[in-house]
2 protein chains.
Amino acid sequence: MSQTTSKRKATAAQAAESRTGAGGRAGGASVHASVANEIGSRIVRGDYPPGSILPNEAQWSQTFNVSRSAVREAIKMLMAKSLLASRPKVGSRVEPRERWNLLDRDVLAWYATSPGRETFMRTVQEFRYIIEPEATAFAAVRRSDEQMAEISKACQDMGAATSLEARTEADTRFHLAILRAAGNDLLVPLGVLIESAFDHLFRYVTREGDDLDHAQKLHEAIERNIRLRRPDAARNAVRRLLSNTDRIIGANQAPSDA
Amino acid sequence: MSQTTSKRKATAAQAAESRTGAGGRAGGASVHASVANEIGSRIVRGDYPPGSILPNEAQWSQTFNVSRSAVREAIKMLMAKSLLASRPKVGSRVEPRERWNLLDRDVLAWYATSPGRETFMRTVQEFRYIIEPEATAFAAVRRSDEQMAEISKACQDMGAATSLEARTEADTRFHLAILRAAGNDLLVPLGVLIESAFDHLFRYVTREGDDLDHAQKLHEAIERNIRLRRPDAARNAVRRLLSNTDRIIGANQAPSDA
DNA sequence: CGCGGAGTATTTGTCAGATAATTGAACGCC
DNA sequence: GGCGTTCAATTATCTGACAAATACTCCGCG
């Protein structure tokens, strides 16, 4: 009965098809990883709203043409992220959103590719406004010389970057280095937010040469204030940078898709 | 192996016994969950430092007297939390600390039961100082009436609480309600930090009647400033509360072990 | 008609064993 | 000495079976 696999299952079958079938790219992801990716993506996208019951393991197994073990491992990964909880006889139920671990790399990636990602990115940006000023103030006090060197290097690389990718990469590195230099281990995992924000926002923030110059100056002000160990000035500099970013995003946010 | 038959009968009991370690709670938990607990706990505790290789799946399987599938599901859960990464032939390698998802409920719990939890709790407390003032300021601006009701209710419950447990519960509820009222979805998952802090710190912070009264007044000041929609005053009130908490913890932190 | 309790069916949980895929390392060839 | 090949260890995947938990049904009883 499983012989006639209905391949119309569209996006779902892609992952499975790419391994079993002849056509797809065989590169990279393991089976359980791609299954977890697909299911997690669907949950975050809203295909299965919180409180609803997912198809059972056997059904997923058929849908993706993979063994039940692979499905189970994928589900266990999603359970570890608190996206769902399983119980015998009832199945896997999607957990309420407030239990999801939004700071998880994968969940964040799924959010970033789901509808409503514009709203989510604004949330991320606002969140940066909450943590980055204070974190930078801490960095201005507690940074080591090595950490300062990383920050300065990233800042220089930003200025010297010739491509948009290189500049974004250095920008990310700059902010991550500051988080690390703040000396609070709990801040470091929040770096994934910044990475996500830059990965999915970098198309908006530049193009204009003037904006780019101004942003560079703001970054340099932050670097300088951390270097001179001025926490208050550093905090304010970060605030200026963030509201500048917000302004540019706000101006360019009209085109919903490039 | 003729012992397979006898092992089969003893499986459940022995497994439960072997898993009843420091971090692995055996009561009621499923096998893969308790295995994940035990391994995760050991990793966070430092038994397997970042970069080192864990025993292979077969060895874990023997250690806990569980099937390899159960071990694999446990490992997949730890992979989902970025505590480790597996590759064929090499095994499961512990990821560097900066990749761990410290805001995960389980990871946090493992930290809270590991040596060095004193240090970690100070980190948590400092992190609260970074986010809660700003979050409360947002709450003062954006709260709905329902959210305000939750906050006020929790504040009242704190004052009316007769037991330490009840007071801690209301206290937690108070701070979580504020995070929710701030209107930024990314703040909500940080609530686990507050829960963790209170769960593992409530033994220090009270006892003294004077401190308790003072803390209550500080909480009421926060409630009032959110109610009256005064973000700046609310922010300052939170800072006062946090430094008061720090003061009390600092005074009582002499007994390094309960 | 309401209700409790036994039974049933469904789903996840756990186990065992086999085979494939991956890859670091040793080995031999040129 | 450099380089491709073989080898071995480990995870990855699949299959099939059975156990455990539990929501649901249904039947008997008050």
# chains A, B, ... in the order shown; residues from 1 in each chain; ligands from 1

call {"tool": "residues_around", "arguments": {"residues": "DT6 in chain D", "least_positions_apart": "3", "cutoff": "12 Å", "atoms": "only C-alpha atoms (C1' of nucleotides)", "output": "JSON, numbers by chain"}}
result
{"C": [25, 26, 27, 28]}

call {"tool": "interface_residues", "arguments": {"of": "chain B", "to": "chain C", "cutoff": "10 Å", "atoms": "only C-alpha atoms (C1' of nucleotides)", "output": "list in words"}}
result
Arg8, Ser30, Val31, His32, Val66, Ser67, Arg68, Ser69, Ala70, Arg87, Pro88, Lys89 and Val90 of chain B

call {"tool": "interface_residues", "arguments": {"of": "chain D", "to": "chain A", "cutoff": "10 Å", "atoms": "only C-alpha atoms (C1' of nucleotides)", "output": "PyMOL selection string"}}
result
chain D and resi 12-15+20-23

call {"tool": "interface_residues", "arguments": {"of": "chain B", "to": "chain A", "cutoff": "10 Å", "atoms": "only C-alpha atoms", "output": "VMD selection string"}}
result
chain B and resid 32 to 33 36 69 to 70 72 to 82 97 to 106 120 122 to 124 126 to 127 129 to 135 138 180 183 to 193

call {"tool": "write_last_selection", "arguments": {"atoms": "C-alpha atoms", "output": "PDB file, in the first residue's frame"}}
result
ATOM      1  CA  HIS B  32      15.078   8.865  26.411  1.00  0.00           C
ATOM      2  CA  ALA B  33      14.218  11.882  28.550  1.00  0.00           C
ATOM      3  CA  ALA B  36      19.124  13.033  27.897  1.00  0.00           C
ATOM      4  CA  SER B  69      17.481   3.930  19.851  1.00  0.00           C
ATOM      5  CA  ALA B  70      16.739   5.468  23.209  1.00  0.00           C
ATOM      6  CA  ARG B  72      20.069   8.144  19.962  1.00  0.00           C
ATOM      7  CA  GLU B  73      16.861  10.003  20.700  1.00  0.00           C
ATOM      8  CA  ALA B  74      18.462  11.454  23.794  1.00  0.00           C
ATOM      9  CA  ILE B  75      21.495  12.542  21.808  1.00  0.00           C
ATOM     10  CA  LYS B  76      19.266  14.088  19.158  1.00  0.00           C
ATOM     11  CA  MET B  77      17.630  16.169  21.861  1.00  0.00           C
ATOM     12  CA  LEU B  78      21.006  17.382  23.052  1.00  0.00           C
ATOM     13  CA  MET B  79      21.949  18.144  19.465  1.00  0.00           C
ATOM     14  CA  ALA B  80      18.791  20.222  19.183  1.00  0.00           C
ATOM     15  CA  LYS B  81      20.065  22.256  22.124  1.00  0.00           C
ATOM     16  CA  SER B  82      23.470  22.605  20.445  1.00  0.00           C
ATOM     17  CA  ARG B  97      30.069  26.746  25.311  1.00  0.00           C
ATOM     18  CA  GLU B  98      29.201  29.810  23.288  1.00  0.00           C
ATOM     19  CA  ARG B  99      27.038  27.669  21.048  1.00  0.00           C
ATOM     20  CA  TRP B 100      25.004  26.211  23.902  1.00  0.00           C
ATOM     21  CA  ASN B 101      21.523  27.512  24.223  1.00  0.00           C
ATOM     22  CA  LEU B 102      21.732  28.794  27.771  1.00  0.00           C
ATOM     23  CA  LEU B 103      18.168  30.041  27.677  1.00  0.00           C
ATOM     24  CA  ASP B 104      16.811  26.555  27.282  1.00  0.00           C
ATOM     25  CA  ARG B 105      14.798  25.282  30.211  1.00  0.00           C
ATOM     26  CA  ASP B 106      16.701  22.036  30.546  1.00  0.00           C
ATOM     27  CA  PHE B 120      25.910  31.195  37.243  1.00  0.00           C
ATOM     28  CA  ARG B 122      25.090  35.849  39.714  1.00  0.00           C
ATOM     29  CA  THR B 123      25.230  35.916  35.947  1.00  0.00           C
ATOM     30  CA  VAL B 124      21.499  35.401  35.805  1.00  0.00           C
ATOM     31  CA  GLU B 126      23.100  40.532  36.250  1.00  0.00           C
ATOM     32  CA  PHE B 127      21.225  39.559  33.123  1.00  0.00           C
ATOM     33  CA  TYR B 129      19.483  43.895  35.435  1.00  0.00           C
ATOM     34  CA  ILE B 130      20.031  44.244  31.723  1.00  0.00           C
ATOM     35  CA  ILE B 131      16.606  43.295  30.488  1.00  0.00           C
ATOM     36  CA  GLU B 132      14.039  43.852  33.204  1.00  0.00           C
ATOM     37  CA  PRO B 133      14.306  47.630  33.538  1.00  0.00           C
ATOM     38  CA  GLU B 134      13.751  48.167  29.823  1.00  0.00           C
ATOM     39  CA  ALA B 135      11.106  45.476  29.637  1.00  0.00           C
ATOM     40  CA  PHE B 138       7.860  48.919  27.707  1.00  0.00           C
ATOM     41  CA  ARG B 180       4.462  39.405  28.754  1.00  0.00           C
ATOM     42  CA  GLY B 183       4.668  43.293  24.171  1.00  0.00           C
ATOM     43  CA  ASN B 184       7.838  41.801  22.744  1.00  0.00           C
ATOM     44  CA  ASP B 185       7.565  38.093  22.075  1.00  0.00           C
ATOM     45  CA  LEU B 186      11.283  37.604  22.455  1.00  0.00           C
ATOM     46  CA  LEU B 187      11.156  38.642  26.085  1.00  0.00           C
ATOM     47  CA  VAL B 188       8.764  35.883  27.066  1.00  0.00           C
ATOM     48  CA  PRO B 189      11.221  32.997  26.702  1.00  0.00           C
ATOM     49  CA  LEU B 190      13.565  34.822  29.034  1.00  0.00           C
ATOM     50  CA  GLY B 191      11.053  34.143  31.740  1.00  0.00           C
ATOM     51  CA  VAL B 192      12.688  30.776  32.282  1.00  0.00           C
ATOM     52  CA  LEU B 193      15.685  32.657  33.612  1.00  0.00           C
TER      53      LEU B 193
END

call {"tool": "atom_distance", "arguments": {"atom1": "CA of Leu108 in chain A", "atom2": "CA of Arg128 in chain A"}}
result
14.6 Å

call {"tool": "calpha_fit_and_write", "arguments": {"fixed": "chain A", "moving": "chain B", "output": "mmCIF file with C-alpha atoms, in the first residue's frame"}}
result
data_model
loop_
_atom_site.group_PDB
_atom_site.id
_atom_site.type_symbol
_atom_site.label_atom_id
_atom_site.label_comp_id
_atom_site.auth_asym_id
_atom_site.auth_seq_id
_atom_site.Cartn_x
_atom_site.Cartn_y
_atom_site.Cartn_z
ATOM 1 C CA MET B 1 1.288 -3.946 -0.859
ATOM 2 C CA SER B 2 3.268 -4.895 -3.908
ATOM 3 C CA GLN B 3 4.460 -1.356 -4.350
ATOM 4 C CA THR B 4 6.831 -1.655 -1.440
ATOM 5 C CA THR B 5 9.545 -2.962 -3.707
ATOM 6 C CA SER B 6 9.291 -0.080 -6.112
ATOM 7 C CA LYS B 7 8.905 2.402 -3.297
ATOM 8 C CA ARG B 8 12.184 1.261 -1.912
ATOM 9 C CA LYS B 9 14.037 2.321 -4.999
ATOM 10 C CA ALA B 10 12.222 5.584 -5.357
ATOM 11 C CA THR B 11 12.530 6.460 -1.720
ATOM 12 C CA ALA B 12 15.498 8.769 -1.830
ATOM 13 C CA ALA B 13 14.432 10.775 -4.829
ATOM 14 C CA GLN B 14 10.804 11.099 -3.845
ATOM 15 C CA ALA B 15 11.614 11.993 -0.300
ATOM 16 C CA ALA B 16 13.961 14.711 -1.415
ATOM 17 C CA GLU B 17 11.332 15.968 -3.797
ATOM 18 C CA SER B 18 8.550 16.040 -1.250
ATOM 19 C CA ARG B 19 10.765 17.715 1.251
ATOM 20 C CA THR B 20 11.899 20.462 -1.074
ATOM 21 C CA GLY B 21 9.315 22.787 0.295
ATOM 22 C CA ALA B 22 9.523 26.356 1.467
ATOM 23 C CA GLY B 23 11.415 25.779 4.672
ATOM 24 C CA GLY B 24 12.824 22.331 4.109
ATOM 25 C CA ARG B 25 16.184 22.538 2.421
ATOM 26 C CA ALA B 26 16.882 19.254 0.743
ATOM 27 C CA GLY B 27 20.445 19.829 -0.286
ATOM 28 C CA GLY B 28 22.870 17.722 1.686
ATOM 29 C CA ALA B 29 20.746 17.642 4.799
ATOM 30 C CA SER B 30 19.950 14.331 6.409
ATOM 31 C CA VAL B 31 16.417 13.025 6.293
ATOM 32 C CA HIS B 32 15.422 13.682 9.874
ATOM 33 C CA ALA B 33 16.881 17.181 9.671
ATOM 34 C CA SER B 34 14.909 18.117 6.589
ATOM 35 C CA VAL B 35 11.738 16.587 7.987
ATOM 36 C CA ALA B 36 12.236 18.593 11.171
ATOM 37 C CA ASN B 37 12.825 21.670 9.059
ATOM 38 C CA GLU B 38 9.668 21.134 7.083
ATOM 39 C CA ILE B 39 7.410 20.399 10.045
ATOM 40 C CA GLY B 40 8.943 23.138 12.152
ATOM 41 C CA SER B 41 8.579 25.581 9.347
ATOM 42 C CA ARG B 42 4.927 24.720 8.937
ATOM 43 C CA ILE B 43 4.278 25.123 12.642
ATOM 44 C CA VAL B 44 5.933 28.512 12.854
ATOM 45 C CA ARG B 45 4.216 29.572 9.653
ATOM 46 C CA GLY B 46 0.919 28.880 11.341
ATOM 47 C CA ASP B 47 -0.304 25.859 9.392
ATOM 48 C CA TYR B 48 -0.815 24.125 12.721
ATOM 49 C CA PRO B 49 -1.765 26.727 15.313
ATOM 50 C CA PRO B 50 -0.857 26.262 18.983
ATOM 51 C CA GLY B 51 -3.120 23.739 20.642
ATOM 52 C CA SER B 52 -3.894 21.853 17.468
ATOM 53 C CA ILE B 53 -2.934 18.251 16.824
ATOM 54 C CA LEU B 54 -0.471 17.317 14.141
ATOM 55 C CA PRO B 55 -0.926 14.402 11.770
ATOM 56 C CA ASN B 56 0.313 11.240 13.390
ATOM 57 C CA GLU B 57 3.697 9.725 12.738
ATOM 58 C CA ALA B 58 2.429 7.249 10.193
ATOM 59 C CA GLN B 59 0.855 10.018 8.154
ATOM 60 C CA TRP B 60 4.029 12.105 8.149
ATOM 61 C CA SER B 61 5.870 8.975 7.194
ATOM 62 C CA GLN B 62 3.661 8.616 4.140
ATOM 63 C CA THR B 63 3.715 12.315 3.324
ATOM 64 C CA PHE B 64 7.488 12.466 3.122
ATOM 65 C CA ASN B 65 8.098 8.867 2.069
ATOM 66 C CA VAL B 66 10.442 8.301 4.946
ATOM 67 C CA SER B 67 10.483 5.773 7.720
ATOM 68 C CA ARG B 68 8.651 6.347 10.920
ATOM 69 C CA SER B 69 11.940 6.450 12.829
ATOM 70 C CA ALA B 70 13.067 9.424 10.810
ATOM 71 C CA VAL B 71 9.815 11.200 11.535
ATOM 72 C CA ARG B 72 10.146 10.400 15.204
ATOM 73 C CA GLU B 73 13.658 11.788 15.386
ATOM 74 C CA ALA B 74 12.455 14.940 13.697
ATOM 75 C CA ILE B 75 9.592 15.256 16.152
ATOM 76 C CA LYS B 76 11.959 14.696 19.060
ATOM 77 C CA MET B 77 14.037 17.607 17.826
ATOM 78 C CA LEU B 78 10.976 19.821 17.716
ATOM 79 C CA MET B 79 10.051 18.641 21.192
ATOM 80 C CA ALA B 80 13.514 19.657 22.350
ATOM 81 C CA LYS B 81 12.731 23.150 21.084
ATOM 82 C CA SER B 82 9.383 23.090 22.905
ATOM 83 C CA LEU B 83 7.460 23.529 19.704
ATOM 84 C CA LEU B 84 5.328 20.503 20.471
ATOM 85 C CA ALA B 85 4.612 17.834 23.032
ATOM 86 C CA SER B 86 3.541 14.262 22.345
ATOM 87 C CA ARG B 87 1.366 11.919 24.308
ATOM 88 C CA PRO B 88 0.174 8.449 23.438
ATOM 89 C CA LYS B 89 -3.281 8.180 21.983
ATOM 90 C CA VAL B 90 -3.622 11.915 21.493
ATOM 91 C CA GLY B 91 -0.681 12.640 19.247
ATOM 92 C CA SER B 92 1.620 15.615 18.944
ATOM 93 C CA ARG B 93 0.103 18.894 20.085
ATOM 94 C CA VAL B 94 1.589 22.257 19.195
ATOM 95 C CA GLU B 95 2.680 24.076 22.336
ATOM 96 C CA PRO B 96 1.558 27.639 23.051
ATOM 97 C CA ARG B 97 3.807 30.259 21.533
ATOM 98 C CA GLU B 98 5.128 31.517 24.835
ATOM 99 C CA ARG B 99 6.793 28.171 25.397
ATOM 100 C CA TRP B 100 8.641 28.196 22.082
ATOM 101 C CA ASN B 101 12.307 28.853 22.290
ATOM 102 C CA LEU B 102 12.460 31.881 20.036
ATOM 103 C CA LEU B 103 16.183 32.252 20.556
ATOM 104 C CA ASP B 104 16.885 28.950 18.897
ATOM 105 C CA ARG B 105 18.748 29.172 15.621
ATOM 106 C CA ASP B 106 16.313 27.015 13.699
ATOM 107 C CA VAL B 107 13.165 28.531 15.116
ATOM 108 C CA LEU B 108 14.526 31.934 14.268
ATOM 109 C CA ALA B 109 15.238 30.848 10.719
ATOM 110 C CA TRP B 110 11.708 29.517 10.365
ATOM 111 C CA TYR B 111 10.339 32.773 11.650
ATOM 112 C CA ALA B 112 12.474 34.688 9.204
ATOM 113 C CA THR B 113 10.948 32.804 6.279
ATOM 114 C CA SER B 114 7.376 32.943 7.479
ATOM 115 C CA PRO B 115 4.731 35.526 6.725
ATOM 116 C CA GLY B 116 4.779 38.156 9.381
ATOM 117 C CA ARG B 117 8.525 38.184 9.279
ATOM 118 C CA GLU B 118 8.430 41.960 8.876
ATOM 119 C CA THR B 119 6.754 42.246 12.233
ATOM 120 C CA PHE B 120 9.128 39.740 13.704
ATOM 121 C CA MET B 121 12.138 41.636 12.449
ATOM 122 C CA ARG B 122 10.851 44.769 14.119
ATOM 123 C CA THR B 123 10.586 42.785 17.315
ATOM 124 C CA VAL B 124 14.158 41.657 16.903
ATOM 125 C CA GLN B 125 15.284 45.194 16.314
ATOM 126 C CA GLU B 126 13.510 46.376 19.433
ATOM 127 C CA PHE B 127 15.066 43.550 21.392
ATOM 128 C CA ARG B 128 18.477 44.672 20.274
ATOM 129 C CA TYR B 129 17.633 48.077 21.706
ATOM 130 C CA ILE B 130 17.018 46.422 25.035
ATOM 131 C CA ILE B 131 20.173 44.392 25.323
ATOM 132 C CA GLU B 132 22.897 45.904 23.184
ATOM 133 C CA PRO B 133 23.316 49.228 24.981
ATOM 134 C CA GLU B 134 23.819 47.540 28.342
ATOM 135 C CA ALA B 135 25.937 44.788 26.855
ATOM 136 C CA THR B 136 28.192 47.352 25.236
ATOM 137 C CA ALA B 137 28.522 49.237 28.488
ATOM 138 C CA PHE B 138 29.667 46.006 30.128
ATOM 139 C CA ALA B 139 32.079 45.413 27.279
ATOM 140 C CA ALA B 140 33.567 48.863 27.792
ATOM 141 C CA VAL B 141 34.369 47.892 31.353
ATOM 142 C CA ARG B 142 35.344 44.254 31.060
ATOM 143 C CA ARG B 143 36.845 43.784 27.614
ATOM 144 C CA SER B 144 40.210 42.124 27.362
ATOM 145 C CA ASP B 145 42.818 43.378 24.928
ATOM 146 C CA GLU B 146 42.219 40.385 22.686
ATOM 147 C CA GLN B 147 38.504 41.080 22.598
ATOM 148 C CA MET B 148 39.194 44.731 21.881
ATOM 149 C CA ALA B 149 41.384 43.685 18.982
ATOM 150 C CA GLU B 150 38.541 41.611 17.553
ATOM 151 C CA ILE B 151 36.146 44.510 17.840
ATOM 152 C CA SER B 152 38.537 46.976 16.249
ATOM 153 C CA LYS B 153 39.379 44.553 13.477
ATOM 154 C CA ALA B 154 35.716 44.041 12.653
ATOM 155 C CA CYS B 155 35.151 47.792 12.656
ATOM 156 C CA GLN B 156 38.052 48.351 10.291
ATOM 157 C CA ASP B 157 36.884 45.548 8.027
ATOM 158 C CA MET B 158 33.496 47.205 7.841
ATOM 159 C CA GLY B 159 35.042 50.413 6.610
ATOM 160 C CA ALA B 160 37.293 48.655 4.136
ATOM 161 C CA ALA B 161 34.608 46.345 2.789
ATOM 162 C CA THR B 162 33.933 46.639 -0.919
ATOM 163 C CA SER B 163 30.922 44.386 -1.212
ATOM 164 C CA LEU B 164 27.670 44.422 0.669
ATOM 165 C CA GLU B 165 28.210 40.861 1.797
ATOM 166 C CA ALA B 166 31.638 41.600 3.216
ATOM 167 C CA ARG B 167 30.350 44.643 5.022
ATOM 168 C CA THR B 168 27.428 42.760 6.522
ATOM 169 C CA GLU B 169 29.743 39.969 7.599
ATOM 170 C CA ALA B 170 32.064 42.403 9.354
ATOM 171 C CA ASP B 171 29.111 44.211 10.885
ATOM 172 C CA THR B 172 27.826 40.963 12.342
ATOM 173 C CA ARG B 173 31.274 40.091 13.598
ATOM 174 C CA PHE B 174 31.494 43.512 15.236
ATOM 175 C CA HIS B 175 28.323 43.115 17.252
ATOM 176 C CA LEU B 176 29.020 39.511 18.179
ATOM 177 C CA ALA B 177 32.483 40.457 19.405
ATOM 178 C CA ILE B 178 30.929 43.090 21.637
ATOM 179 C CA LEU B 179 28.510 40.571 23.087
ATOM 180 C CA ARG B 180 31.362 38.210 23.843
ATOM 181 C CA ALA B 181 33.428 41.014 25.345
ATOM 182 C CA ALA B 182 30.612 41.886 27.723
ATOM 183 C CA GLY B 183 31.678 38.921 29.806
ATOM 184 C CA ASN B 184 28.243 37.452 30.397
ATOM 185 C CA ASP B 185 27.830 33.999 28.919
ATOM 186 C CA LEU B 186 24.101 34.433 28.582
ATOM 187 C CA LEU B 187 24.544 37.250 26.106
ATOM 188 C CA VAL B 188 26.444 35.123 23.623
ATOM 189 C CA PRO B 189 23.503 32.972 22.518
ATOM 190 C CA LEU B 190 21.608 36.139 21.719
ATOM 191 C CA GLY B 191 24.058 36.641 18.920
ATOM 192 C CA VAL B 192 21.873 34.454 16.742
ATOM 193 C CA LEU B 193 19.309 37.228 16.854
ATOM 194 C CA ILE B 194 21.778 39.690 15.461
ATOM 195 C CA GLU B 195 22.889 37.256 12.819
ATOM 196 C CA SER B 196 19.301 36.660 11.862
ATOM 197 C CA ALA B 197 18.512 40.338 11.787
ATOM 198 C CA PHE B 198 21.440 41.079 9.523
ATOM 199 C CA ASP B 199 20.865 38.125 7.255
ATOM 200 C CA HIS B 200 17.293 39.129 6.584
ATOM 201 C CA LEU B 201 17.612 42.863 6.823
ATOM 202 C CA PHE B 202 20.792 43.692 4.987
ATOM 203 C CA ARG B 203 18.843 44.265 1.820
ATOM 204 C CA TYR B 204 17.207 47.306 3.355
ATOM 205 C CA VAL B 205 19.882 49.062 5.289
ATOM 206 C CA THR B 206 22.396 50.160 2.747
ATOM 207 C CA ARG B 207 22.606 51.199 -0.918
ATOM 208 C CA GLU B 208 22.744 54.885 0.011
ATOM 209 C CA GLY B 209 26.314 56.123 0.351
ATOM 210 C CA ASP B 210 25.447 58.800 2.887
ATOM 211 C CA ASP B 211 23.691 56.371 5.169
ATOM 212 C CA LEU B 212 26.605 54.019 4.852
ATOM 213 C CA ASP B 213 29.120 56.676 5.860
ATOM 214 C CA HIS B 214 27.017 57.771 8.765
ATOM 215 C CA ALA B 215 26.565 54.239 9.990
ATOM 216 C CA GLN B 216 30.294 53.675 9.757
ATOM 217 C CA LYS B 217 30.950 56.755 11.897
ATOM 218 C CA LEU B 218 28.499 55.483 14.483
ATOM 219 C CA HIS B 219 30.228 52.129 14.587
ATOM 220 C CA GLU B 220 33.557 53.821 15.037
ATOM 221 C CA ALA B 221 32.169 55.851 17.900
ATOM 222 C CA ILE B 222 31.163 52.630 19.629
ATOM 223 C CA GLU B 223 34.571 51.106 19.013
ATOM 224 C CA ARG B 224 36.289 54.184 20.391
ATOM 225 C CA ASN B 225 34.204 54.335 23.545
ATOM 226 C CA ILE B 226 34.804 50.684 24.289
ATOM 227 C CA ARG B 227 38.501 51.157 23.679
ATOM 228 C CA LEU B 228 38.624 54.157 26.015
ATOM 229 C CA ARG B 229 36.566 52.268 28.575
ATOM 230 C CA ARG B 230 33.703 54.733 28.685
ATOM 231 C CA PRO B 231 30.615 52.653 29.430
ATOM 232 C CA ASP B 232 28.112 55.509 29.432
ATOM 233 C CA ALA B 233 29.341 56.981 26.197
ATOM 234 C CA ALA B 234 29.407 53.532 24.632
ATOM 235 C CA ARG B 235 25.835 52.896 25.679
ATOM 236 C CA ASN B 236 24.691 56.124 24.107
ATOM 237 C CA ALA B 237 26.638 55.463 20.941
ATOM 238 C CA VAL B 238 24.875 52.139 20.544
ATOM 239 C CA ARG B 239 21.516 53.815 21.030
ATOM 240 C CA ARG B 240 22.374 56.291 18.315
ATOM 241 C CA LEU B 241 23.370 53.500 15.973
ATOM 242 C CA LEU B 242 20.193 51.551 16.609
ATOM 243 C CA SER B 243 17.881 54.474 16.099
ATOM 244 C CA ASN B 244 19.756 55.304 12.930
ATOM 245 C CA THR B 245 19.194 51.753 11.714
ATOM 246 C CA ASP B 246 15.535 51.999 12.657
ATOM 247 C CA ARG B 247 15.232 55.236 10.741
ATOM 248 C CA ILE B 248 16.655 53.711 7.568
ATOM 249 C CA ILE B 249 14.541 50.590 7.882
ATOM 250 C CA GLY B 250 11.482 52.688 8.518
ATOM 251 C CA ALA B 251 12.143 54.707 5.414
ATOM 252 C CA ASN B 252 12.616 51.668 3.191
ATOM 253 C CA GLN B 253 10.015 49.413 4.693
ATOM 254 C CA ALA B 254 7.406 50.351 2.094
ATOM 255 C CA PRO B 255 8.156 47.412 -0.237
ATOM 256 C CA SER B 256 6.597 44.708 1.846
ATOM 257 C CA ASP B 257 7.962 41.982 -0.369
ATOM 258 C CA ALA B 258 11.359 41.717 -2.008
#

call {"tool": "select_by_dssp", "arguments": {"residues": "range 30-255 of chain B", "states": "strand (DSSP E)", "output": "PyMOL selection string"}}
result
chain B and resi 84-87+91-94

call {"tool": "write_last_selection", "arguments": {"atoms": "N, CA, C and O atoms", "output": "compact mmCIF listing (two decimals), in the first residue's frame"}}
result
# COMPACT_ATOMS: atom_id res chain seq x y z
N LEU B 84 25.89 19.29 21.59
CA LEU B 84 26.86 18.44 20.91
C LEU B 84 26.50 18.27 19.45
O LEU B 84 25.40 18.61 19.01
N ALA B 85 27.47 17.77 18.71
CA ALA B 85 27.29 17.52 17.28
C ALA B 85 27.92 16.18 16.97
O ALA B 85 29.00 15.86 17.46
N SER B 86 27.23 15.39 16.16
CA SER B 86 27.69 14.03 15.86
C SER B 86 28.12 13.91 14.42
O SER B 86 27.52 14.50 13.52
N ARG B 87 29.16 13.12 14.22
CA ARG B 87 29.57 12.79 12.86
C ARG B 87 29.99 11.33 12.84
O ARG B 87 30.57 10.84 13.80
N GLY B 91 32.17 10.32 16.20
CA GLY B 91 31.36 10.26 17.41
C GLY B 91 30.68 11.58 17.71
O GLY B 91 30.54 12.43 16.83
N SER B 92 30.27 11.73 18.96
CA SER B 92 29.58 12.94 19.37
C SER B 92 30.55 13.85 20.12
O SER B 92 31.11 13.48 21.14
N ARG B 93 30.76 15.04 19.57
CA ARG B 93 31.70 15.99 20.16
C ARG B 93 30.93 17.09 20.87
O ARG B 93 29.94 17.61 20.35
N VAL B 94 31.39 17.44 22.05
CA VAL B 94 30.75 18.52 22.80
C VAL B 94 31.05 19.86 22.12
O VAL B 94 32.21 20.16 21.83

call {"tool": "select_by_dssp", "arguments": {"residues": "range 46-161 of chain B", "states": "alpha helix (DSSP H)", "output": "ChimeraX atom specification"}}
result
/B:57-64,68-80,105-112,117-142,145-160

call {"tool": "decode", "arguments": {"residues": "range 14-19 of chain D", "atoms": "N, CA, C and O atoms (P, O5', C5', C4', C3', O3' and C1' of nucleotides)", "output": "short mmCIF file (atom, residue, chain, number, x, y, z; two decimals), in the first residue's frame"}}
result
data_model
loop_
_atom_site.label_atom_id
_atom_site.label_comp_id
_atom_site.auth_asym_id
_atom_site.auth_seq_id
_atom_site.Cartn_x
_atom_site.Cartn_y
_atom_site.Cartn_z
P DC D 14 15.40 5.94 6.21
"O5'" DC D 14 15.14 4.38 6.38
"C5'" DC D 14 15.85 3.47 5.56
"C4'" DC D 14 15.62 2.05 6.03
"C3'" DC D 14 14.16 1.70 6.32
"O3'" DC D 14 13.70 0.71 5.43
"C1'" DC D 14 15.61 0.90 8.04
P DT D 15 12.17 0.43 5.26
"O5'" DT D 15 11.93 -0.89 6.12
"C5'" DT D 15 12.89 -1.93 6.06
"C4'" DT D 15 12.66 -2.90 7.19
"C3'" DT D 15 11.20 -3.13 7.59
"O3'" DT D 15 10.82 -4.45 7.22
"C1'" DT D 15 12.62 -2.91 9.51
P DG D 16 9.30 -4.88 7.23
"O5'" DG D 16 9.15 -5.57 8.67
"C5'" DG D 16 10.14 -6.46 9.14
"C4'" DG D 16 9.95 -6.73 10.61
"C3'" DG D 16 8.49 -6.82 11.07
"O3'" DG D 16 8.32 -8.01 11.81
"C1'" DG D 16 9.70 -5.36 12.47
P DA D 17 6.88 -8.59 12.05
"O5'" DA D 17 6.86 -8.67 13.64
"C5'" DA D 17 8.01 -9.17 14.33
"C4'" DA D 17 8.12 -8.51 15.68
"C3'" DA D 17 6.84 -8.53 16.52
"O3'" DA D 17 6.95 -9.53 17.52
"C1'" DA D 17 8.04 -6.46 16.70
P DC D 18 5.67 -10.02 18.30
"O5'" DC D 18 5.74 -9.13 19.62
"C5'" DC D 18 6.95 -9.11 20.37
"C4'" DC D 18 6.94 -7.94 21.32
"C3'" DC D 18 5.71 -7.85 22.25
"O3'" DC D 18 6.16 -7.79 23.59
"C1'" DC D 18 6.20 -5.75 21.30
P DA D 19 5.12 -7.94 24.78
"O5'" DA D 19 5.29 -6.54 25.54
"C5'" DA D 19 6.60 -6.01 25.72
"C4'" DA D 19 6.52 -4.61 26.30
"C3'" DA D 19 5.40 -4.41 27.33
"O3'" DA D 19 5.90 -3.61 28.38
"C1'" DA D 19 5.12 -2.88 25.55
#
